[in-house]
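Source file: my_file_24.cif (mmCIF, C-alpha atoms)
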data_final
loop_
_atom_site.group_PDB
_atom_site.id
_atom_site.type_symbol
_atom_site.label_atom_id
_atom_site.label_comp_id
_atom_site.auth_asym_id
_atom_site.auth_seq_id
_atom_site.Cartn_x
_atom_site.Cartn_y
_atom_site.Cartn_z
ATOM 1 C CA MET V 1229 6.734 -28.701 0.932
ATOM 2 C CA PRO V 1230 3.464 -30.452 1.881
ATOM 3 C CA LEU V 1231 2.361 -32.904 -0.787
ATOM 4 C CA LEU V 1232 -1.271 -31.756 -1.158
ATOM 5 C CA GLY V 1233 -0.263 -28.140 -1.768
ATOM 6 C CA LYS V 1234 2.334 -29.232 -4.294
ATOM 7 C CA LEU V 1235 -0.182 -31.453 -6.136
ATOM 8 C CA LEU V 1236 -2.763 -28.660 -6.284
ATOM 9 C CA ARG V 1237 -0.324 -25.860 -7.130
ATOM 10 C CA ARG V 1238 -1.433 -25.553 -10.771
ATOM 11 C CA PHE V 1239 -5.119 -25.340 -9.793
ATOM 12 C CA ARG V 1240 -6.210 -21.780 -9.027
ATOM 13 C CA ALA V 1241 -9.591 -20.099 -9.371
ATOM 14 C CA GLY V 1242 -8.310 -16.831 -10.847
ATOM 15 C CA GLU V 1243 -9.800 -13.357 -11.086
ATOM 16 C CA ASP V 1244 -11.572 -14.115 -14.370
ATOM 17 C CA ARG V 1245 -13.700 -16.801 -12.659
ATOM 18 C CA SER V 1246 -14.861 -14.477 -9.908
ATOM 19 C CA PRO V 1247 -18.534 -13.486 -10.028
ATOM 20 C CA LEU V 1248 -17.227 -9.976 -9.293
ATOM 21 C CA ALA V 1249 -15.568 -9.890 -12.737
ATOM 22 C CA GLY V 1250 -18.982 -9.522 -14.406
ATOM 23 C CA PRO V 1251 -20.176 -6.197 -15.826
ATOM 24 C CA GLU V 1252 -22.952 -5.996 -13.233
ATOM 25 C CA TYR V 1253 -20.269 -5.415 -10.575
ATOM 26 C CA ALA V 1254 -18.275 -2.898 -12.593
ATOM 27 C CA GLY V 1255 -18.090 0.689 -11.511
ATOM 28 C CA ALA V 1256 -15.678 3.538 -11.876
ATOM 29 C CA GLU V 1257 -12.380 2.482 -10.267
ATOM 30 C CA THR V 1258 -12.304 5.658 -8.186
ATOM 31 C CA ILE V 1259 -12.115 4.263 -4.666
ATOM 32 C CA ASP V 1260 -8.582 4.096 -3.289
ATOM 33 C CA VAL V 1261 -8.258 1.302 -0.699
ATOM 34 C CA THR V 1262 -5.170 1.214 1.536
ATOM 35 C CA SER V 1263 -3.901 -0.388 4.738
ATOM 36 C CA PRO V 1264 -1.076 0.541 7.100
ATOM 37 C CA ALA V 1265 -0.464 -3.224 7.511
ATOM 38 C CA PHE V 1266 0.563 -3.967 3.896
ATOM 39 C CA THR V 1267 0.940 -2.324 0.508
ATOM 40 C CA ASN V 1268 -0.921 -3.268 -2.656
ATOM 41 C CA ASP V 1269 0.424 -6.653 -3.804
ATOM 42 C CA GLY V 1270 2.468 -6.832 -0.594
ATOM 43 C CA ALA V 1271 2.556 -9.591 2.018
ATOM 44 C CA ILE V 1272 -0.238 -9.650 4.594
ATOM 45 C CA PRO V 1273 1.303 -9.935 8.090
ATOM 46 C CA GLN V 1274 0.798 -13.221 9.947
ATOM 47 C CA LYS V 1275 -1.196 -11.384 12.604
ATOM 48 C CA HIS V 1276 -4.005 -11.034 10.033
ATOM 49 C CA ALA V 1277 -3.888 -14.683 8.906
ATOM 50 C CA GLY V 1278 -6.687 -17.100 9.811
ATOM 51 C CA LYS V 1279 -7.145 -19.228 12.888
ATOM 52 C CA GLY V 1280 -4.403 -21.749 13.495
ATOM 53 C CA VAL V 1281 -2.006 -19.755 11.302
ATOM 54 C CA GLY V 1282 -2.199 -16.242 12.709
ATOM 55 C CA ASP V 1283 -4.256 -14.206 15.147
ATOM 56 C CA ASN V 1284 -7.201 -13.807 12.725
ATOM 57 C CA VAL V 1285 -7.346 -10.062 13.401
ATOM 58 C CA SER V 1286 -8.668 -7.975 10.505
ATOM 59 C CA PRO V 1287 -6.202 -5.413 9.170
ATOM 60 C CA ALA V 1288 -6.908 -1.706 9.375
ATOM 61 C CA LEU V 1289 -8.333 -0.467 6.074
ATOM 62 C CA GLN V 1290 -9.019 3.015 4.745
ATOM 63 C CA TRP V 1291 -10.706 4.186 1.556
ATOM 64 C CA THR V 1292 -11.241 7.488 -0.213
ATOM 65 C CA GLY V 1293 -12.974 8.512 -3.428
ATOM 66 C CA VAL V 1294 -16.456 7.271 -2.508
ATOM 67 C CA PRO V 1295 -19.090 9.123 -4.590
ATOM 68 C CA ALA V 1296 -21.192 11.624 -2.606
ATOM 69 C CA ASP V 1297 -24.469 9.932 -3.629
ATOM 70 C CA THR V 1298 -23.460 6.514 -2.216
ATOM 71 C CA LYS V 1299 -26.267 4.877 -0.238
ATOM 72 C CA GLN V 1300 -24.268 1.921 1.124
ATOM 73 C CA LEU V 1301 -20.788 0.391 1.001
ATOM 74 C CA VAL V 1302 -19.945 -3.289 0.741
ATOM 75 C CA LEU V 1303 -16.536 -4.660 1.697
ATOM 76 C CA MET V 1304 -15.567 -8.107 0.433
ATOM 77 C CA MET V 1305 -12.434 -10.177 0.929
ATOM 78 C CA ASP V 1306 -11.791 -13.075 -1.415
ATOM 79 C CA ASP V 1307 -8.999 -15.545 -2.245
ATOM 80 C CA LEU V 1308 -8.238 -15.620 -5.973
ATOM 81 C CA ASP V 1309 -5.892 -18.605 -5.759
ATOM 82 C CA VAL V 1310 -7.971 -21.191 -3.938
ATOM 83 C CA PRO V 1311 -7.917 -24.506 -5.881
ATOM 84 C CA MET V 1312 -11.638 -24.376 -6.632
ATOM 85 C CA PRO V 1313 -13.776 -23.411 -9.653
ATOM 86 C CA LYS V 1314 -14.156 -19.818 -8.419
ATOM 87 C CA PRO V 1315 -12.528 -17.584 -5.795
ATOM 88 C CA LEU V 1316 -13.541 -18.151 -2.185
ATOM 89 C CA MET V 1317 -15.353 -15.324 -0.404
ATOM 90 C CA HIS V 1318 -13.796 -15.024 3.043
ATOM 91 C CA THR V 1319 -15.517 -12.013 4.535
ATOM 92 C CA ILE V 1320 -18.375 -9.715 3.499
ATOM 93 C CA ALA V 1321 -19.576 -6.626 5.353
ATOM 94 C CA VAL V 1322 -22.258 -4.062 4.596
ATOM 95 C CA LEU V 1323 -21.155 -0.639 5.795
ATOM 96 C CA GLU V 1324 -22.735 2.741 6.294
ATOM 97 C CA PRO V 1325 -21.715 5.132 3.481
ATOM 98 C CA HIS V 1326 -20.001 7.650 5.776
ATOM 99 C CA ILE V 1327 -17.468 5.093 7.049
ATOM 100 C CA GLY V 1328 -14.046 5.841 5.552
ATOM 101 C CA GLY V 1329 -12.274 2.845 6.991
ATOM 102 C CA LEU V 1330 -12.027 0.311 9.770
ATOM 103 C CA ALA V 1331 -9.439 0.112 12.521
ATOM 104 C CA GLU V 1332 -7.510 -3.100 13.088
ATOM 105 C CA GLY V 1333 -9.829 -5.782 14.463
ATOM 106 C CA GLU V 1334 -13.065 -3.897 13.684
ATOM 107 C CA LEU V 1335 -14.257 -6.247 10.958
ATOM 108 C CA LYS V 1336 -16.380 -8.230 13.407
ATOM 109 C CA PRO V 1337 -19.940 -8.403 14.729
ATOM 110 C CA GLY V 1338 -20.894 -5.538 17.009
ATOM 111 C CA THR V 1339 -18.828 -2.829 15.318
ATOM 112 C CA THR V 1340 -20.977 0.283 14.816
ATOM 113 C CA GLY V 1341 -22.020 0.763 11.187
ATOM 114 C CA VAL V 1342 -20.845 -2.723 10.158
ATOM 115 C CA ARG V 1343 -23.164 -5.650 9.336
ATOM 116 C CA LEU V 1344 -21.445 -8.886 8.418
ATOM 117 C CA VAL V 1345 -22.976 -11.171 5.802
ATOM 118 C CA ASN V 1346 -22.316 -14.900 5.972
ATOM 119 C CA ALA V 1347 -19.621 -15.873 3.462
ATOM 120 C CA PHE V 1348 -16.993 -18.297 4.783
ATOM 121 C CA GLY V 1349 -18.168 -17.319 8.233
ATOM 122 C CA ASP V 1350 -20.031 -14.472 9.901
ATOM 123 C CA THR V 1351 -16.933 -12.624 11.013
ATOM 124 C CA TYR V 1352 -13.482 -11.826 9.623
ATOM 125 C CA VAL V 1353 -11.803 -14.954 8.238
ATOM 126 C CA GLY V 1354 -8.140 -14.272 7.517
ATOM 127 C CA PRO V 1355 -5.825 -15.913 4.976
ATOM 128 C CA ARG V 1356 -5.164 -19.597 5.516
ATOM 129 C CA PRO V 1357 -4.035 -21.117 2.208
ATOM 130 C CA ILE V 1358 -3.062 -24.759 1.782
ATOM 131 C CA PRO V 1359 0.576 -25.240 2.880
ATOM 132 C CA GLY V 1360 2.866 -25.578 -0.144
ATOM 133 C CA HIS V 1361 0.273 -24.243 -2.616
ATOM 134 C CA GLY V 1362 2.275 -21.075 -3.211
ATOM 135 C CA PRO V 1363 1.277 -17.443 -2.737
ATOM 136 C CA HIS V 1364 -2.420 -16.615 -2.608
ATOM 137 C CA HIS V 1365 -3.819 -13.221 -3.579
ATOM 138 C CA TYR V 1366 -6.439 -11.837 -1.211
ATOM 139 C CA ARG V 1367 -8.503 -8.902 -2.427
ATOM 140 C CA PHE V 1368 -10.184 -6.375 -0.156
ATOM 141 C CA LEU V 1369 -12.820 -4.853 -2.439
ATOM 142 C CA VAL V 1370 -14.950 -1.832 -1.565
ATOM 143 C CA PHE V 1371 -18.121 -1.212 -3.559
ATOM 144 C CA ALA V 1372 -20.138 2.030 -3.407
ATOM 145 C CA LEU V 1373 -23.811 1.317 -4.125
ATOM 146 C CA ASP V 1374 -26.684 3.454 -5.393
ATOM 147 C CA GLN V 1375 -29.129 1.692 -3.052
ATOM 148 C CA THR V 1376 -29.112 0.129 0.391
ATOM 149 C CA VAL V 1377 -28.786 -3.596 0.997
ATOM 150 C CA PRO V 1378 -31.883 -4.949 2.769
ATOM 151 C CA ASP V 1379 -31.321 -6.226 6.307
ATOM 152 C CA SER V 1380 -32.932 -9.509 5.228
ATOM 153 C CA ILE V 1381 -29.828 -10.336 3.137
ATOM 154 C CA VAL V 1382 -27.757 -12.762 5.214
ATOM 155 C CA GLY V 1383 -25.859 -14.892 2.678
ATOM 156 C CA HIS V 1384 -23.252 -14.051 0.048
ATOM 157 C CA GLY V 1385 -25.306 -15.355 -2.913
ATOM 158 C CA ALA V 1386 -28.239 -13.120 -2.029
ATOM 159 C CA LEU V 1387 -25.894 -10.194 -1.454
ATOM 160 C CA LEU V 1388 -24.281 -10.623 -4.875
ATOM 161 C CA SER V 1389 -27.751 -10.605 -6.457
ATOM 162 C CA ALA V 1390 -28.794 -7.531 -4.452
ATOM 163 C CA ILE V 1391 -25.792 -5.410 -5.502
ATOM 164 C CA ALA V 1392 -25.670 -6.507 -9.170
ATOM 165 C CA GLY V 1393 -26.177 -3.461 -11.383
ATOM 166 C CA HIS V 1394 -26.011 -1.030 -8.441
ATOM 167 C CA VAL V 1395 -22.261 -0.364 -8.226
ATOM 168 C CA LEU V 1396 -21.388 3.336 -8.554
ATOM 169 C CA ALA V 1397 -17.677 2.904 -7.873
ATOM 170 C CA ARG V 1398 -15.251 0.336 -6.579
ATOM 171 C CA GLY V 1399 -11.713 -0.067 -5.373
ATOM 172 C CA VAL V 1400 -9.420 -2.910 -4.422
ATOM 173 C CA LEU V 1401 -6.386 -3.581 -2.263
ATOM 174 C CA THR V 1402 -4.660 -6.907 -2.882
ATOM 175 C CA GLY V 1403 -2.389 -8.619 -0.392
ATOM 176 C CA THR V 1404 -0.570 -11.937 -0.581
ATOM 177 C CA TYR V 1405 -0.108 -14.750 1.891
ATOM 178 C CA GLU V 1406 1.784 -18.026 1.624
ATOM 179 C CA ARG V 1407 2.357 -21.002 3.938
#
As structure tokens, please, write out the structure in this file.
Amino acid sequence: MPLLGKLLRRFRAGEDRSPLAGPEYAGAETIDVTSPAFTNDGAIPQKHAGKGVGDNVSPALQWTGVPADTKQLVLMMDDLDVPMPKPLMHTIAVLEPHIGGLAEGELKPGTTGVRLVNAFGDTYVGPRPIPGHGPHHYRFLVFALDQTVPDSIVGHGALLSAIAGHVLARGVLTGTYER
């Protein structure tokens, strides 16, 4: 087991330290998020892991239960177990409200109806935890919003501010990855 991962094993951000745990991001938990690649709390295949570990190909995702009056969707992927003060945002995308899912590899620039917001990068960034740190939990969260996200929003801090208090519904699919 690599020494750095072992030394940092007890340090984990945790869900309670996520900015998404605040009441301004709460909404009815009515959106059901699934993937043919892994089950909820199941292992994310190596194909979907980050550069240097896997192929860094986004998994296929589907969701249902989006309220009819949704103006925009936001998809976020974060790592709850990173040894930092708060979870690390890997990928953020603003989606058109009629989109009910993304095929494998579609979470990238140029996909119709998808606008990526700079988080850890401006494209899909797959799991790549510290070797020996233990299993990491990666959440794929879908938020249904009552307003659109302005095109001028390009960073994750501004996006979090823009969606605060505008969440109609949300859903989450959690996968794990360990090196």
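Counting all atoms listed in the file, Asp1306 (chain V) has the following residues at most 8 Å away, ignoring those fewer than 4 positions along the same chain: V:Pro1315, V:Leu1316, V:Met1317, V:His1318, V:Thr1319, V:Tyr1366, V:Arg1367, V:Phe1368.
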Using the chain letters and residue numbers of this document, give as a ChimeraX atom specification the residues selected by the PyMOL selection byres ((chain V and resi 1239) around 8).
-> /V:1236-1238,1240-1241,1309-1312
Using 9 Å as the limit and counting only C-alpha atoms, can you tabulate each residue of region 1322-1361 of chain V that touches region 1377-1401 of chain V, with its shortest atom-to-atom distance in Å and the two atoms involved, as a tab-separated table?
residue	atom	partner	partner_atom	distance
V:Val1322	CA	V:Val1377	CA	7.5
V:Arg1343	CA	V:Asp1379	CA	8.7
V:Leu1344	CA	V:Val1382	CA	8.1
V:Val1345	CA	V:Val1382	CA	5.1
V:Asn1346	CA	V:Gly1383	CA	4.8
V:Ala1347	CA	V:His1384	CA	5.3
V:Phe1348	CA	V:His1384	CA	8.9
Exercise: Pro1230 (chain V) partners within 10 Å, all atoms listed in the file, chain neighbours under 5 positions left out, as a PyMOL selection string | chain V and resi 1235+1358-1361+1407
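For the choices V:Gly1403, V:Pro1247, V:Gly1282, V:Gly1354, the atom-to-atom distance to Asn1268 (chain V) is smallest for V:Gly1403 when using only C-alpha atoms.
Among the candidates V:Gly1270, V:Pro1295, V:Pro1313, V:Pro1325, the one nearest to Ser1246 (chain V) when counting only C-alpha atoms is V:Pro1313.
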